[in-house]
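Colleague: So that we are looking at the same thing, I have put the structure below in structure tokens.
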Amino acid sequence: MKSNNSLNSFYFQFTLFVDYGPLRYLLFSLCMLIYMTIISANVIITVIVYLGKSLHQPMYIFICCLSFNSVYGTAGFFPRFLMDILSDTHLISRPSCFVQLHVIYSYAACEPLILGIMAYNRFVAICQPLHYRTFMVVRYLVIFAVLYPAFAVGVCVYLTVRLPLCGYKVHRLFCSVVHLSCVDTTVNRIAGSVFTTTTTFLPLFFVLYTYLQILLVCRRSSSEFRGKALQTCLPHIVTYVIFFFSTFCELLLSRFKADEVSPIVIVVLSLEFVIIPPISNPLVYGLNLPQIRGVFFRYFKTQKMVPAA
């Protein structure tokens with residue numbers, strides 16, 4: 001039944017938050033620590049790529065873009081989430097809800113596009129090295145990976161804003177309100193399917209194709225060449241598997257009604273979606289790529305050797 005209360009027409013209420021009493025301060029501290037770890041790790045990767053002149057290459061620029069995207073996506077979730085942990089009321093205004101919706105889903109759409117471009121970068125570097133400089137137009141690829149998700153998610157959010165809603169209770173940790181619609185949402189579902197296909201599944205098929213070509217080239221190459229190719233490709237494969245698994249869980253969760261899924265499952269999958277990929281990217285690339293480790297340790301040793309004024 002549609003509510004006539006003006007408060008309910010302007011606010012949504014998150015229903016998964018419960019009063020844990022004094023325990024909420026421990027939960028807040030733990031989540032704040034996770035958020036600060038994500039921010040610090042991704043900022044460090046970005047600074048290392050900026051400071052290391054030897055890292056001013058397409059692959060490392062794309063890694064830097066992944067880190068920036070992780071900071072952007074978590075900024076759309078954690079500040080509000082941390083506030084809700086300590087708050088007694090869990091209301092969010094409609095404008096704030098739709099802004100959060102745009103930030104989180106544009107982050108989620110940008111990630112596989114960047115990973116797809118990174119796969120193309122590896123494909124050209126390994127399979128067509130003579131044309132590498134010609135094909136890799138970094139600036140335009142990054143602009144596309146940023147603007148297309150922003151536009152596509154903006155269209156989906158606009159279609160959602162236009163829906164008349166018959167409720168205000170959101171059974172998620174972040175905004176997802178299409179299920180509250182009073183009318184048929186076929187247009188939204190079609191737009192969502194097109195959006196998901198172009199930003200998630202097409203990049204997945206492209207990544208599979210590029211790595212199949214890379215494997216075919218490696219089969220005909222020396223063991224030293226295969227070792228170098230594996231060293232540069234393995235972090236990307238790990239990152240893509242982690243992100244695709246997280247995205248798949250989120251898509252699966254969105255296909256069920258809230259009363260059909262345990263609240264614990266909703267909380268775990270929602271947190272996994274916004275925590276695991278942002279924290280795994282700097283760990284995978286920072287710890288696994290010797291070029292990034294080398295710049296970090298050189299800069300760290302230089303700072304220790306500079307005498308205090």
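Every chain in the structure tokens takes a letter, A first, then B, and so on in the order presented; its residues are numbered from 1, and the ligands are numbered from 1 following the presented order.
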List every residue of stretch 115-304 of chain A that DSSP, applied to the backbone of this structure, places in alpha helix (DSSP H), and write the result as a ChimeraX atom specification.
Modeller: /A:115-127,132-135,138-161,186-196,202-219,223-254,263-288,290-304
Colleague: Sort by chain and increasing residue number a table of all residues of stretch 232-290 of chain A within 12 Å of stretch 8-24 of chain A, each with its closest pair of atoms and their distance in Å to one decimal, counting only C-alpha atoms, and write it as a tab-separated table.
Modeller:
```
residue	atom	partner	partner_atom	distance
A:Ala258	CA	A:Leu16	CA	10.4
A:Asp259	CA	A:Leu16	CA	11.8
A:Ser262	CA	A:Leu16	CA	10.5
A:Pro263	CA	A:Leu16	CA	6.9
A:Ile264	CA	A:Leu16	CA	9.0
A:Val265	CA	A:Leu16	CA	11.1
A:Ile266	CA	A:Leu16	CA	8.8
A:Val267	CA	A:Leu16	CA	7.9
A:Val268	CA	A:Leu16	CA	11.6
A:Ser270	CA	A:Leu16	CA	11.4
```
Colleague: Can you pull out every residue within 6 Å of A:Cys110, counting only C-alpha atoms, but drop anything in the same chain fewer than 4 positions away, and send it as a short mmCIF file (atom, residue, chain, number, x, y, z; two decimals) with all heavy atoms, in the first residue's frame?
Modeller:
```cif
data_model
loop_
_atom_site.label_atom_id
_atom_site.label_comp_id
_atom_site.auth_asym_id
_atom_site.auth_seq_id
_atom_site.Cartn_x
_atom_site.Cartn_y
_atom_site.Cartn_z
N SER A 106 28.31 2.73 -11.02
CA SER A 106 29.28 3.20 -12.03
C SER A 106 30.68 2.68 -11.69
O SER A 106 31.46 2.37 -12.60
CB SER A 106 29.27 4.72 -12.12
OG SER A 106 29.57 5.33 -10.89
N ALA A 145 36.39 4.16 -20.67
CA ALA A 145 36.10 3.31 -19.51
C ALA A 145 35.44 4.09 -18.38
O ALA A 145 34.75 3.51 -17.54
CB ALA A 145 37.38 2.67 -19.00
N PRO A 149 30.37 4.02 -18.45
CA PRO A 149 29.62 3.59 -17.26
C PRO A 149 28.84 4.74 -16.62
O PRO A 149 27.71 4.53 -16.16
CB PRO A 149 30.72 3.08 -16.31
CG PRO A 149 31.83 2.69 -17.21
CD PRO A 149 31.80 3.68 -18.33
#
```
Colleague: Which residue, A:Leu91, A:Ile39, A:Val194, A:Val284, has the smallest gap to A:Phe78 when you use only C-alpha atoms?
Modeller: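 Among A:Leu91, A:Ile39, A:Val194, A:Val284, it is A:Ile39 that comes nearest to A:Phe78.
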Colleague: What parts of stretch 63-260 of chain A does DSSP call strand (DSSP E)? I'd like the answer as a ChimeraX atom specification.
Modeller: /A:91-93,169-170
Colleague: Using only C-alpha atoms, which of A:Ile275, A:Ile214, A:Met83, A:Leu173 sits nearest A:Cys233?
Modeller: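 Using only C-alpha atoms, A:Cys233 sits closest to A:Ile214.
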Colleague: Applying 8 Å and only C-alpha atoms, which residues near A:Leu253 remain after dropping the ones on its own chain fewer than 3 positions away? List them as a PyMOL selection string.
Modeller: chain A and resi 249-250+256+266+269
Colleague: Go through A:Val187, A:Leu86, A:Val124, A:Cys65 and flag the residue nearest A:Ile143, using only C-alpha atoms for the distances.
Modeller: A:Cys65
Colleague: Distance atom CA of A:Gln100-atom CA of A:Gly76, one decimal place?
Modeller: 5.5 Å
Colleague: Might you pull out every residue within 9 Å of stretch 44-50 of chain A, with only C-alpha atoms counted and same-chain residues fewer than 6 positions away left off, and present them as a short mmCIF file (atom, residue, chain, number, x, y, z; two decimals) with all heavy atoms, in the first residue's frame?
Modeller:
```cif
data_model
loop_
_atom_site.label_atom_id
_atom_site.label_comp_id
_atom_site.auth_asym_id
_atom_site.auth_seq_id
_atom_site.Cartn_x
_atom_site.Cartn_y
_atom_site.Cartn_z
N HIS A 56 55.52 4.85 -16.07
CA HIS A 56 54.62 5.64 -16.91
C HIS A 56 54.40 4.92 -18.24
O HIS A 56 54.78 5.39 -19.31
CB HIS A 56 55.18 7.04 -17.12
CG HIS A 56 55.20 7.85 -15.86
ND1 HIS A 56 55.64 9.16 -15.81
CD2 HIS A 56 54.81 7.54 -14.59
CE1 HIS A 56 55.52 9.61 -14.58
NE2 HIS A 56 55.04 8.65 -13.82
N TYR A 60 50.70 0.13 -16.17
CA TYR A 60 50.71 0.71 -14.82
C TYR A 60 49.72 1.87 -14.71
O TYR A 60 49.18 2.12 -13.63
CB TYR A 60 52.13 1.15 -14.47
CG TYR A 60 53.11 0.01 -14.56
CD1 TYR A 60 54.04 -0.05 -15.60
CD2 TYR A 60 53.09 -1.04 -13.64
CE1 TYR A 60 54.93 -1.11 -15.70
CE2 TYR A 60 53.97 -2.10 -13.75
CZ TYR A 60 54.89 -2.13 -14.78
OH TYR A 60 55.75 -3.19 -14.88
N ILE A 61 49.50 2.56 -15.80
CA ILE A 61 48.48 3.61 -15.78
C ILE A 61 47.10 3.00 -15.56
O ILE A 61 46.27 3.53 -14.81
CB ILE A 61 48.52 4.42 -17.10
CG1 ILE A 61 49.83 5.21 -17.18
CG2 ILE A 61 47.32 5.38 -17.18
CD1 ILE A 61 50.03 5.94 -18.48
N ILE A 63 46.56 0.18 -13.95
CA ILE A 63 46.54 -0.23 -12.54
C ILE A 63 46.20 0.96 -11.66
O ILE A 63 45.42 0.84 -10.70
CB ILE A 63 47.90 -0.84 -12.15
CG1 ILE A 63 48.12 -2.16 -12.87
CG2 ILE A 63 47.99 -1.04 -10.64
CD1 ILE A 63 49.50 -2.76 -12.67
N CYS A 64 46.77 2.10 -11.99
CA CYS A 64 46.46 3.34 -11.26
C CYS A 64 44.98 3.67 -11.38
O CYS A 64 44.34 4.11 -10.41
CB CYS A 64 47.33 4.47 -11.81
SG CYS A 64 47.18 6.03 -10.90
N CYS A 65 44.40 3.48 -12.55
CA CYS A 65 42.97 3.73 -12.76
C CYS A 65 42.12 2.79 -11.91
O CYS A 65 41.09 3.20 -11.36
CB CYS A 65 42.61 3.58 -14.24
SG CYS A 65 43.28 4.86 -15.30
N SER A 67 42.98 1.55 -9.03
CA SER A 67 43.08 2.03 -7.66
C SER A 67 42.20 3.25 -7.44
O SER A 67 41.51 3.35 -6.41
CB SER A 67 44.54 2.35 -7.31
OG SER A 67 45.33 1.18 -7.31
N PHE A 68 42.22 4.17 -8.38
CA PHE A 68 41.38 5.36 -8.26
C PHE A 68 39.90 4.98 -8.25
O PHE A 68 39.10 5.54 -7.48
CB PHE A 68 41.67 6.33 -9.40
CG PHE A 68 40.92 7.63 -9.29
CD1 PHE A 68 41.39 8.65 -8.50
CD2 PHE A 68 39.72 7.81 -9.98
CE1 PHE A 68 40.69 9.85 -8.38
CE2 PHE A 68 39.01 8.99 -9.87
CZ PHE A 68 39.51 10.02 -9.07
N PRO A 282 45.27 -3.63 -4.91
CA PRO A 282 46.63 -3.20 -4.53
C PRO A 282 47.48 -4.33 -3.98
O PRO A 282 48.70 -4.32 -4.14
CB PRO A 282 46.38 -2.12 -3.47
CG PRO A 282 45.01 -2.37 -2.95
CD PRO A 282 44.24 -2.93 -4.12
N TYR A 285 48.64 -6.44 -7.18
CA TYR A 285 49.62 -5.73 -8.01
C TYR A 285 50.80 -5.22 -7.21
O TYR A 285 51.94 -5.25 -7.68
CB TYR A 285 48.93 -4.57 -8.74
CG TYR A 285 48.02 -5.04 -9.84
CD1 TYR A 285 46.64 -4.93 -9.72
CD2 TYR A 285 48.53 -5.61 -10.99
CE1 TYR A 285 45.78 -5.36 -10.73
CE2 TYR A 285 47.69 -6.07 -12.00
CZ TYR A 285 46.32 -5.94 -11.86
OH TYR A 285 45.50 -6.39 -12.85
N GLY A 286 50.56 -4.77 -5.99
CA GLY A 286 51.66 -4.23 -5.19
C GLY A 286 52.63 -5.29 -4.73
O GLY A 286 53.84 -5.06 -4.69
N ILE A 292 56.63 -2.50 -9.44
CA ILE A 292 55.99 -1.63 -8.45
C ILE A 292 56.68 -1.77 -7.10
O ILE A 292 56.93 -0.77 -6.41
CB ILE A 292 54.49 -1.98 -8.34
CG1 ILE A 292 53.76 -1.58 -9.63
CG2 ILE A 292 53.85 -1.28 -7.14
CD1 ILE A 292 52.27 -1.85 -9.62
N ARG A 293 57.04 -2.99 -6.71
CA ARG A 293 57.75 -3.19 -5.45
C ARG A 293 59.08 -2.46 -5.47
O ARG A 293 59.49 -1.85 -4.48
CB ARG A 293 57.99 -4.68 -5.20
CG ARG A 293 56.75 -5.47 -4.85
CD ARG A 293 57.14 -6.74 -4.08
NE ARG A 293 58.20 -7.48 -4.77
CZ ARG A 293 57.99 -8.43 -5.67
NH1 ARG A 293 56.76 -8.75 -6.02
NH2 ARG A 293 59.00 -9.06 -6.23
N VAL A 295 60.03 0.28 -7.17
CA VAL A 295 59.88 1.73 -7.01
C VAL A 295 59.53 2.07 -5.57
O VAL A 295 60.04 3.03 -4.99
CB VAL A 295 58.79 2.27 -7.97
CG1 VAL A 295 58.49 3.74 -7.66
CG2 VAL A 295 59.25 2.12 -9.41
N PHE A 296 58.66 1.26 -4.95
CA PHE A 296 58.25 1.53 -3.56
C PHE A 296 59.45 1.46 -2.62
O PHE A 296 59.67 2.35 -1.79
CB PHE A 296 57.18 0.53 -3.13
CG PHE A 296 56.82 0.63 -1.68
CD1 PHE A 296 55.99 1.65 -1.23
CD2 PHE A 296 57.31 -0.29 -0.76
CE1 PHE A 296 55.66 1.75 0.11
CE2 PHE A 296 56.98 -0.19 0.58
CZ PHE A 296 56.15 0.84 1.01
N TYR A 299 61.97 4.34 -3.16
CA TYR A 299 61.48 5.60 -2.60
C TYR A 299 61.52 5.56 -1.08
O TYR A 299 61.88 6.55 -0.43
CB TYR A 299 60.05 5.86 -3.08
CG TYR A 299 59.49 7.17 -2.58
CD1 TYR A 299 59.91 8.39 -3.13
CD2 TYR A 299 58.55 7.19 -1.55
CE1 TYR A 299 59.40 9.58 -2.66
CE2 TYR A 299 58.03 8.38 -1.08
CZ TYR A 299 58.45 9.58 -1.64
OH TYR A 299 57.95 10.76 -1.17
#
```
Colleague: Would you mind listing what lies within 10 Å of A:Val146 as a list in words, with only C-alpha atoms counted and same-chain residues fewer than 6 positions away left out?
Modeller: Cys65, Asn69, Ser106, Tyr107, Ala109, Cys110, Glu111, Leu113, Ile114 and Tyr140 of chain A
Colleague: Would you mind listing what lies within 10 Å of A:Leu234 as a VMD selection string, with only C-alpha atoms counted and same-chain residues fewer than 4 positions away left out?
Modeller: chain A and resid 229 to 230 238 to 240 284 to 285 288 to 289
Colleague: Would you compute the distance between atom CA of A:Tyr25 and atom CA of A:Ile85? Give it in Å to one decimal.
Modeller: 8.1 Å
